[in-house]
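One structure is given below, encoded as structure tokens.
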Amino acid sequence: MHIGNCIRQNLRESGRTVTWFARQICCTRTNAYKIFRKESINTDMLERICRVLGHNFFEDISNELNSAK
């Protein structure tokens, strides 16, 4: 699972802009785009993103791990 792609997709589906997202997580647009390119992410940052987007990416990761068994 490429977490950055998942975050970008969720943001697109929500209809929000990258500028809005960056403001919500207190970073620049440039750093937001860097997040989208990451295959993995710090759990503190992922928790903040989950809260901002209202989506549990930890559950997505868990589901993928369970389906790989």
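Following the order of the structure tokens, chains are lettered A, B, ..., residues in each are numbered from 1, and ligands are numbered from 1.
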Compile the contact shell of Arg29 of chain A as an mmCIF file with C-alpha atoms, in the first residue's frame: residues with an atom at most 10 Å away, counting only C-alpha atoms, same-chain residues fewer than 4 positions apart removed.
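The resulting file, out-v2.cif, is reproduced below:
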data_model
loop_
_atom_site.group_PDB
_atom_site.id
_atom_site.type_symbol
_atom_site.label_atom_id
_atom_site.label_comp_id
_atom_site.auth_asym_id
_atom_site.auth_seq_id
_atom_site.Cartn_x
_atom_site.Cartn_y
_atom_site.Cartn_z
ATOM 1 C CA THR A 17 -7.859 21.320 -2.412
ATOM 2 C CA VAL A 18 -4.209 20.651 -1.672
ATOM 3 C CA THR A 19 -4.003 24.201 -0.289
ATOM 4 C CA TRP A 20 -6.813 23.445 2.169
ATOM 5 C CA PHE A 21 -5.154 20.172 3.162
ATOM 6 C CA ALA A 22 -1.769 21.822 3.708
ATOM 7 C CA ARG A 23 -3.322 24.503 5.931
ATOM 8 C CA TYR A 33 2.865 17.095 -2.351
ATOM 9 C CA LYS A 34 5.878 15.429 -0.714
ATOM 10 C CA ILE A 35 3.467 13.514 1.554
#
*Quick one: residues within 12 Å of segment 51-55 of chain A, only C-alpha atoms counted, chain neighbours fewer than 6 positions away excluded, as a list in words?*
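What passes the distance filter is Cys6, Ile7, Arg8, Gln9, Asn10, Leu11, Arg12, Glu13, Ser14, Gly15, Arg16, Thr17, Val18, Trp20, Phe21, Ala22, Arg23, Gln24, Ile25, Cys26, Asp44, Met45 and Ile61 of chain A.
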*Would you work out the distance separating atom CA of His2 of chain A from atom CA of Thr43 of chain A, expressed in Å to one decimal?*
14.3 Å
*State, in Å with one decimal place, the distance from atom CA of Asp60 of chain A to atom CA of Met1 of chain A.*
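Spanning atom CA of Asp60 of chain A to atom CA of Met1 of chain A is a straight-line distance of 8.9 Å.
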Where in chain A does DSSP assign helix (DSSP H, G or I), given as an mmCIF file with C-alpha atoms, in the first residue's frame?
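What follows is the written file part.cif:
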data_model
loop_
_atom_site.group_PDB
_atom_site.id
_atom_site.type_symbol
_atom_site.label_atom_id
_atom_site.label_comp_id
_atom_site.auth_asym_id
_atom_site.auth_seq_id
_atom_site.Cartn_x
_atom_site.Cartn_y
_atom_site.Cartn_z
ATOM 1 C CA ILE A 3 0.005 5.606 1.759
ATOM 2 C CA GLY A 4 0.713 8.851 -0.071
ATOM 3 C CA ASN A 5 -1.411 7.745 -3.027
ATOM 4 C CA CYS A 6 -4.211 6.753 -0.657
ATOM 5 C CA ILE A 7 -4.141 10.149 1.046
ATOM 6 C CA ARG A 8 -4.144 11.979 -2.314
ATOM 7 C CA GLN A 9 -7.052 9.850 -3.574
ATOM 8 C CA ASN A 10 -9.065 10.459 -0.418
ATOM 9 C CA LEU A 11 -8.412 14.204 -0.687
ATOM 10 C CA ARG A 12 -9.601 14.210 -4.323
ATOM 11 C CA GLU A 13 -12.743 12.271 -3.422
ATOM 12 C CA SER A 14 -13.515 14.757 -0.653
ATOM 13 C CA VAL A 18 -4.209 20.651 -1.672
ATOM 14 C CA THR A 19 -4.003 24.201 -0.289
ATOM 15 C CA TRP A 20 -6.813 23.445 2.169
ATOM 16 C CA PHE A 21 -5.154 20.172 3.162
ATOM 17 C CA ALA A 22 -1.769 21.822 3.708
ATOM 18 C CA ARG A 23 -3.322 24.503 5.931
ATOM 19 C CA GLN A 24 -5.150 21.882 7.988
ATOM 20 C CA ARG A 29 1.647 22.965 -0.417
ATOM 21 C CA THR A 30 5.122 21.738 -1.367
ATOM 22 C CA ASN A 31 5.274 19.545 1.738
ATOM 23 C CA ALA A 32 1.741 18.279 1.093
ATOM 24 C CA TYR A 33 2.865 17.095 -2.351
ATOM 25 C CA LYS A 34 5.878 15.429 -0.714
ATOM 26 C CA ILE A 35 3.467 13.514 1.554
ATOM 27 C CA PHE A 36 1.618 12.260 -1.536
ATOM 28 C CA ARG A 37 4.878 10.787 -2.870
ATOM 29 C CA THR A 43 2.276 7.633 12.613
ATOM 30 C CA ASP A 44 1.871 11.020 14.332
ATOM 31 C CA MET A 45 1.473 12.716 10.950
ATOM 32 C CA LEU A 46 -0.858 9.979 9.722
ATOM 33 C CA GLU A 47 -3.033 10.418 12.818
ATOM 34 C CA ARG A 48 -3.279 14.157 12.111
ATOM 35 C CA ILE A 49 -4.190 13.453 8.475
ATOM 36 C CA CYS A 50 -6.840 10.930 9.565
ATOM 37 C CA ARG A 51 -8.457 13.559 11.775
ATOM 38 C CA VAL A 52 -8.343 16.252 9.095
ATOM 39 C CA LEU A 53 -9.747 14.056 6.323
ATOM 40 C CA PHE A 57 -5.969 5.121 7.086
ATOM 41 C CA PHE A 58 -4.736 2.869 9.890
ATOM 42 C CA GLU A 59 -7.778 0.678 9.285
ATOM 43 C CA ASP A 60 -6.979 0.587 5.562
ATOM 44 C CA ILE A 61 -3.440 -0.568 6.338
ATOM 45 C CA SER A 62 -4.734 -3.188 8.773
ATOM 46 C CA ASN A 63 -7.258 -4.485 6.245
ATOM 47 C CA GLU A 64 -4.552 -4.812 3.611
ATOM 48 C CA LEU A 65 -2.327 -6.720 6.023
ATOM 49 C CA ASN A 66 -5.166 -9.072 6.943
ATOM 50 C CA SER A 67 -6.073 -9.733 3.310
#
